[in-house]
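File shown: final_19.cif (mmCIF, C-alpha atoms).
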data_entry
loop_
_atom_site.label_atom_id
_atom_site.label_comp_id
_atom_site.auth_asym_id
_atom_site.auth_seq_id
_atom_site.Cartn_x
_atom_site.Cartn_y
_atom_site.Cartn_z
CA MET A 1 3.13 11.30 -1.92
CA LEU A 2 1.83 7.94 -0.76
CA LEU A 3 -0.85 6.71 -3.17
CA ILE A 4 -1.65 3.50 -1.30
CA GLU A 5 -4.08 3.19 1.57
CA ILE A 6 -4.36 0.36 4.08
CA LYS A 7 -7.68 -0.96 5.34
CA PRO A 8 -6.29 -2.50 8.54
CA ASP A 9 -9.62 -3.88 9.75
CA LYS A 10 -9.68 -6.22 6.72
CA CYS A 11 -6.08 -7.49 6.98
CA ASP A 12 -5.55 -11.15 7.92
CA PHE A 13 -1.75 -10.64 8.13
CA CYS A 14 -0.95 -13.24 5.47
CA GLY A 15 2.26 -11.38 4.52
CA VAL A 16 1.88 -11.64 0.74
CA CYS A 17 2.33 -7.87 0.37
CA VAL A 18 5.53 -7.92 2.43
CA GLY A 19 6.97 -10.60 0.17
CA VAL A 20 6.35 -8.70 -3.07
CA CYS A 21 7.43 -5.23 -1.95
CA PRO A 22 10.76 -4.50 -3.69
CA GLU A 23 11.54 -1.63 -1.31
CA ASP A 24 10.80 -3.50 1.94
CA ALA A 25 8.31 -0.74 2.74
CA ILE A 26 5.56 -2.81 4.38
CA GLU A 27 5.76 -3.85 8.00
CA LEU A 28 3.68 -6.46 9.75
CA LYS A 29 4.15 -6.34 13.50
CA GLU A 30 1.89 -8.32 15.78
CA ALA A 31 -1.61 -7.32 14.65
CA ASN A 32 -0.57 -4.18 12.77
CA ILE A 33 0.25 -3.44 9.14
CA SER A 34 1.93 -0.22 8.00
CA ILE A 35 3.69 1.31 5.02
CA ILE A 36 6.99 3.11 5.51
CA GLU A 37 6.32 6.17 3.39
CA LYS A 38 10.01 7.06 2.90
CA ARG A 39 10.63 3.70 1.24
CA CYS A 40 7.41 3.27 -0.75
CA THR A 41 7.74 4.05 -4.47
CA ASN A 42 4.02 3.50 -5.21
CA CYS A 43 4.84 0.60 -7.53
CA ALA A 44 1.50 -0.98 -6.49
CA LYS A 45 2.75 -4.57 -6.40
CA CYS A 46 1.17 -4.87 -2.96
CA VAL A 47 -2.16 -3.56 -4.26
CA TRP A 48 -2.25 -6.09 -7.10
CA CYS A 49 -1.22 -9.08 -5.00
CA CYS A 50 -3.42 -8.59 -1.92
CA PRO A 51 -6.04 -11.34 -2.10
CA ILE A 52 -8.56 -9.47 0.09
CA GLU A 53 -8.03 -5.86 -1.08
CA VAL A 54 -6.52 -4.51 2.13
CA LEU A 55 -4.16 -2.30 0.13
CA VAL A 56 -5.90 0.04 -2.31
CA PHE A 57 -5.14 3.20 -4.28
CA ARG A 58 -6.08 6.46 -2.58
CA LYS A 59 -8.42 7.95 -5.16
CA ASP A 60 -8.11 11.44 -3.67
CA LYS A 61 -4.33 11.39 -4.09
CA LEU A 62 -4.57 9.98 -7.63
CA GLN A 63 -6.89 12.84 -8.58
CA GLN A 64 -4.45 15.38 -7.12
CA LEU A 65 -1.61 13.82 -9.07
CA LYS A 66 -3.61 13.89 -12.32
CA ALA A 67 -4.55 17.54 -11.73
CA LYS A 68 -0.91 18.50 -11.24
CA SER A 69 0.15 16.79 -14.45
CA SER A 70 -2.57 18.45 -16.55
#
I'd like the structure from this file rewritten - as structure tokens, please.
Amino acid sequence: MLLIEIKPDKCDFCGVCVGVCPEDAIELKEANISIIEKRCTNCAKCVWCCPIEVLVFRKDKLQQLKAKSS
């Protein structure tokens, strides 16, 4: 389950997130940013390093995950 959401309209394509992703799960192509869900481990390094909060946690998915673990 992918817990990270992209706000593509905010992205300035700086590439910081690509550089910190240990799984090489973020792609920047032309004017497009995407997460390769098969590779993403939800480590959140991209969320913490993004200087303009383009990558954020999906609160709906976090709540589902918490409900399952309760």
If you apply the PyMOL selection byres ((chain A and resi 52-56) around 9) to this file, what residues do you get, as an mmCIF file with C-alpha atoms, keeping the file's coordinate frame?
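Everything below was put into result-v2.cif:
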data_model
loop_
_atom_site.group_PDB
_atom_site.id
_atom_site.type_symbol
_atom_site.label_atom_id
_atom_site.label_comp_id
_atom_site.auth_asym_id
_atom_site.auth_seq_id
_atom_site.Cartn_x
_atom_site.Cartn_y
_atom_site.Cartn_z
ATOM 1 C CA LEU A 3 -0.850 6.710 -3.170
ATOM 2 C CA ILE A 4 -1.650 3.500 -1.300
ATOM 3 C CA GLU A 5 -4.080 3.190 1.570
ATOM 4 C CA ILE A 6 -4.360 0.360 4.080
ATOM 5 C CA LYS A 7 -7.680 -0.960 5.340
ATOM 6 C CA PRO A 8 -6.290 -2.500 8.540
ATOM 7 C CA ASP A 9 -9.620 -3.880 9.750
ATOM 8 C CA LYS A 10 -9.680 -6.220 6.720
ATOM 9 C CA CYS A 11 -6.080 -7.490 6.980
ATOM 10 C CA ASP A 12 -5.550 -11.150 7.920
ATOM 11 C CA CYS A 17 2.330 -7.870 0.370
ATOM 12 C CA ALA A 44 1.500 -0.980 -6.490
ATOM 13 C CA CYS A 46 1.170 -4.870 -2.960
ATOM 14 C CA VAL A 47 -2.160 -3.560 -4.260
ATOM 15 C CA TRP A 48 -2.250 -6.090 -7.100
ATOM 16 C CA CYS A 49 -1.220 -9.080 -5.000
ATOM 17 C CA CYS A 50 -3.420 -8.590 -1.920
ATOM 18 C CA PRO A 51 -6.040 -11.340 -2.100
ATOM 19 C CA PHE A 57 -5.140 3.200 -4.280
ATOM 20 C CA ARG A 58 -6.080 6.460 -2.580
ATOM 21 C CA LYS A 59 -8.420 7.950 -5.160
#
Can you find the residues with an atom no farther than 10 Å from (5.4, -0.2, -0.6), counting only C-alpha atoms, and report them as a ChimeraX atom specification? /A:2-4,17-18,20-27,34-47,55
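Across the model, the gap from atom CA of A:Ile33 to atom CA of A:Lys61 is 20.4 Å.
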Listed atoms of stretch 34-46 of chain A, axis-aligned box, 5 Å per side: centre and edge lengths to one decimal in Å, as JSON?
{"center_x": 5.9, "center_y": 1.1, "center_z": 0.2, "size_x": 19.5, "size_y": 21.9, "size_z": 25.5}
